[in-house]
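Enquirer: Please read through the structure below; I'll follow up with questions.
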Amino acid sequence: RPFHWPISPDPSAEGFLCNHTTLTEVPSRRRCVSRRFCCSTATNMRVLVGGGSGFVGRELTRLLRKEGHEVMIISRQPGPGRITWDDLEAGGLPPCEGAVNLAGENLMNPLRWWNESYKKDLFSSRIDTTRALARAISASSQPPHAWVLVTGVACYKPSQTEQYTEESTWAPFDLLSQLVKEWEGAAHLPDNIATETRQVIIRPGVVLGRDGGAMKQMLTPFWLGLGGTLGSGQQPFPWIHVSDLAGIIAHSLQPPSRPPSSAPEVFNGVAPAQNTNLEFTKELGRVLGRPTLLPVPGAVLRALLGSDRAAVLTEGQRVLPHRTLQAGYRFQHPDLKAALRQIVGS
């Protein structure tokens, strides 16, 4: 069945303009007739977002619509402005200029025990949805100019001294790094499509925001004065404000200025600040005006969460956003204190 874009932003809204002056009118958008790689959409984009109803997806949708773009969400449940994953499989890719996948079972779901069934869901919810979108893009007669996958920094081996940039080499060393490898591999497009569609992988750290993610689970115990470091507290704590992660995704959806490479572009979605878990804990306590005197031993976390999940909290990586900054993205919340004040005060 045909797909319909239900959202119609003001076609007069100011948008991205290129250096070419020969433009042809297409309903609700202006296209440069010079080169597809220059500015395939000069006024607004239609963006398809897998997992768009989640924490990051809601922020991204808000940002894109604010900028005048049209957004359609892929989710498990149908509804206004949405299609289901079954719709995607049956009907193919809706016409769009950008596609993003944020879908995946919550790694820190407190209601699920760490067992083989949960591990299977973590893999399938990420890999199957990513593969479905990649296949739909590959089969489309008009593939989007950008295909963005958001994974994570779990590919980098925990270390208190090693610094990782987007150029760092890595190989799977545990369950979650193996997940990242298979997840990113599922997004790969055939070479003939990769010359048309820019492939982008964003690896975020801990995503901070009031309405979801880690902060939603931490705010109540910290408000009650029950907060404390996790494990030793000396482990690196790579983080990013949810508004910046949405901003990096939106930045990556911009039409490429030259034909894309067959290899994906990788951007680390982390703030430039380098913090430890202890620094994060103390700063959050200061912002809330609460003590942080109750550390949680690593053994307790391993018993409650399982060793793989506990390692995400008790170990960490020093991750730098070198390529993200080189690409011209300007962080709204580059330092921890300001980011936490914005979240707590919002």
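In the structure tokens, each chain is lettered A, B, ... as it comes, each chain's residues begin at 1, and ligands are numbered from 1 in order of appearance.
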Return as a tab-separated table the residues of range 78-148 of chain A lying at most 12 Å from range 217-226 of chain A, together with the closest atom-to-atom pair for each and the distance in Å to one decimal, counting only C-alpha atoms, with rows in chain order and ascending residue number.

Expert:
```
residue	atom	partner	partner_atom	distance
A:Met108	CA	A:Gln217	CA	9.6
A:Asn109	CA	A:Gln217	CA	10.0
A:Pro110	CA	A:Gln217	CA	9.2
```

Enquirer: Go ahead and save the residues from that selection, with all heavy atoms, as a PDB file, in the first residue's frame.

Expert:
```pdb
ATOM      1  N   MET A 108      19.421  -1.341  29.892  1.00  0.00           N
ATOM      2  CA  MET A 108      19.316  -1.252  31.350  1.00  0.00           C
ATOM      3  C   MET A 108      17.877  -1.370  31.841  1.00  0.00           C
ATOM      4  O   MET A 108      17.518  -0.808  32.873  1.00  0.00           O
ATOM      5  CB  MET A 108      19.929   0.073  31.830  1.00  0.00           C
ATOM      6  CG  MET A 108      21.415   0.161  31.626  1.00  0.00           C
ATOM      7  SD  MET A 108      22.282  -1.096  32.617  1.00  0.00           S
ATOM      8  CE  MET A 108      23.964  -0.883  32.001  1.00  0.00           C
ATOM      9  N   ASN A 109      17.064  -2.108  31.118  1.00  0.00           N
ATOM     10  CA  ASN A 109      15.679  -2.325  31.532  1.00  0.00           C
ATOM     11  C   ASN A 109      15.654  -2.980  32.916  1.00  0.00           C
ATOM     12  O   ASN A 109      16.054  -4.137  33.067  1.00  0.00           O
ATOM     13  CB  ASN A 109      14.973  -3.213  30.511  1.00  0.00           C
ATOM     14  CG  ASN A 109      13.484  -3.354  30.792  1.00  0.00           C
ATOM     15  OD1 ASN A 109      13.014  -3.088  31.895  1.00  0.00           O
ATOM     16  ND2 ASN A 109      12.736  -3.778  29.789  1.00  0.00           N
ATOM     17  N   PRO A 110      15.205  -2.265  33.958  1.00  0.00           N
ATOM     18  CA  PRO A 110      15.250  -2.824  35.307  1.00  0.00           C
ATOM     19  C   PRO A 110      14.256  -3.960  35.527  1.00  0.00           C
ATOM     20  O   PRO A 110      14.334  -4.663  36.548  1.00  0.00           O
ATOM     21  CB  PRO A 110      14.913  -1.617  36.197  1.00  0.00           C
ATOM     22  CG  PRO A 110      14.070  -0.739  35.326  1.00  0.00           C
ATOM     23  CD  PRO A 110      14.609  -0.916  33.929  1.00  0.00           C
TER      24      PRO A 110
END
```

Enquirer: Can you pull out the residues contacting range 142-147 of chain A? Cut-off 10 Å, using only C-alpha atoms, and skip same-chain residues under 3 positions away; I want them as a VMD selection string.

Expert: chain A and resid 36 to 37 39 to 41 45 to 48 93 to 101 133 to 134 136 to 139 187 to 189 193 to 201 252 to 256 259 to 260 264

Enquirer: Looking only at the backbone, which of the residues in range 60-260 of chain A does DSSP tag as strand (DSSP E or B), as a PyMOL selection string?

Expert: chain A and resi 70-75+82-84+98-101+146-150+163-164+198-204+206-208+230+236+239-241

Enquirer: Store the residues picked out above, limited to N, CA and C atoms, as a short mmCIF file (atom, residue, chain, number, x, y, z; two decimals), in the first residue's frame.

Expert:
```cif
data_model
loop_
_atom_site.label_atom_id
_atom_site.label_comp_id
_atom_site.auth_asym_id
_atom_site.auth_seq_id
_atom_site.Cartn_x
_atom_site.Cartn_y
_atom_site.Cartn_z
N GLU A 70 9.87 16.94 7.62
CA GLU A 70 8.78 16.01 7.85
C GLU A 70 9.35 14.72 8.45
N VAL A 71 8.68 14.15 9.42
CA VAL A 71 9.16 12.97 10.10
C VAL A 71 8.10 11.88 10.08
N MET A 72 8.50 10.69 9.71
CA MET A 72 7.65 9.51 9.86
C MET A 72 8.40 8.50 10.72
N ILE A 73 7.71 7.95 11.70
CA ILE A 73 8.31 7.03 12.66
C ILE A 73 7.98 5.59 12.29
N ILE A 74 8.97 4.72 12.43
CA ILE A 74 8.72 3.27 12.32
C ILE A 74 8.69 2.72 13.74
N SER A 75 7.59 2.06 14.10
CA SER A 75 7.48 1.51 15.44
C SER A 75 6.72 0.19 15.38
N ARG A 82 2.99 7.32 11.67
CA ARG A 82 3.81 6.14 11.90
C ARG A 82 3.52 5.05 10.87
N ILE A 83 4.50 4.21 10.67
CA ILE A 83 4.31 2.93 10.00
C ILE A 83 4.93 1.87 10.90
N THR A 84 4.58 0.62 10.68
CA THR A 84 5.15 -0.47 11.46
C THR A 84 6.30 -1.11 10.68
N GLY A 98 16.15 11.09 4.09
CA GLY A 98 17.01 10.61 5.16
C GLY A 98 16.35 9.48 5.92
N ALA A 99 17.16 8.54 6.42
CA ALA A 99 16.67 7.43 7.23
C ALA A 99 17.59 7.27 8.44
N VAL A 100 16.98 7.02 9.60
CA VAL A 100 17.72 6.88 10.85
C VAL A 100 17.20 5.65 11.58
N ASN A 101 18.09 4.89 12.22
CA ASN A 101 17.61 3.81 13.08
C ASN A 101 18.09 4.00 14.50
N ALA A 146 20.97 10.09 2.86
CA ALA A 146 21.69 9.81 4.12
C ALA A 146 21.02 8.68 4.87
N TRP A 147 21.83 7.80 5.44
CA TRP A 147 21.38 6.64 6.22
C TRP A 147 22.22 6.62 7.50
N VAL A 148 21.57 6.90 8.63
CA VAL A 148 22.27 7.10 9.90
C VAL A 148 21.88 6.00 10.88
N LEU A 149 22.89 5.34 11.43
CA LEU A 149 22.69 4.34 12.47
C LEU A 149 23.35 4.81 13.76
N VAL A 150 22.63 4.70 14.87
CA VAL A 150 23.16 5.09 16.18
C VAL A 150 23.42 3.82 16.98
N GLN A 163 42.93 6.57 24.93
CA GLN A 163 41.97 7.52 24.38
C GLN A 163 41.52 7.04 23.00
N TYR A 164 40.22 7.03 22.79
CA TYR A 164 39.66 6.53 21.54
C TYR A 164 39.06 7.67 20.72
N ARG A 198 24.82 8.41 1.60
CA ARG A 198 25.85 8.59 2.62
C ARG A 198 25.54 7.70 3.83
N GLN A 199 26.49 6.88 4.23
CA GLN A 199 26.32 6.00 5.38
C GLN A 199 27.03 6.62 6.59
N VAL A 200 26.29 6.76 7.69
CA VAL A 200 26.84 7.37 8.90
C VAL A 200 26.56 6.49 10.10
N ILE A 201 27.58 6.31 10.93
CA ILE A 201 27.43 5.60 12.20
C ILE A 201 27.80 6.57 13.32
N ILE A 202 26.90 6.72 14.28
CA ILE A 202 27.15 7.57 15.45
C ILE A 202 27.23 6.68 16.68
N ARG A 203 28.31 6.82 17.45
CA ARG A 203 28.51 6.01 18.65
C ARG A 203 28.40 6.90 19.88
N PRO A 204 27.23 6.94 20.52
CA PRO A 204 27.06 7.81 21.69
C PRO A 204 27.54 7.15 22.97
N VAL A 206 26.85 7.65 27.39
CA VAL A 206 25.63 7.68 28.20
C VAL A 206 24.84 8.93 27.81
N VAL A 207 23.59 8.74 27.42
CA VAL A 207 22.76 9.85 26.96
C VAL A 207 22.01 10.44 28.15
N LEU A 208 22.23 11.73 28.39
CA LEU A 208 21.65 12.40 29.55
C LEU A 208 20.50 13.31 29.13
N LEU A 230 29.48 4.48 41.34
CA LEU A 230 29.30 3.08 40.93
C LEU A 230 30.67 2.43 40.87
N PRO A 236 36.26 6.10 33.49
CA PRO A 236 35.79 7.18 32.61
C PRO A 236 34.28 7.10 32.41
N TRP A 239 29.77 10.77 28.09
CA TRP A 239 28.37 11.15 28.15
C TRP A 239 28.05 12.14 27.04
N ILE A 240 26.75 12.34 26.80
CA ILE A 240 26.29 13.35 25.86
C ILE A 240 24.88 13.76 26.26
N HIS A 241 24.59 15.05 26.12
CA HIS A 241 23.23 15.53 26.35
C HIS A 241 22.36 15.09 25.18
#
```

Enquirer: Write out as a ChimeraX atom specification the residues lying within 9 Å of Arg210 in chain A, counting only C-alpha atoms and excluding same-chain residues fewer than 3 positions away.

Expert: /A:213-216,219,343-344,346

Enquirer: Assign secondary structure with DSSP using the backbone only, and return the residues of range 109-251 of chain A in alpha helix (DSSP H) as a ChimeraX atom specification.

Expert: /A:116-139,175-186,191-194,213-223,242-251
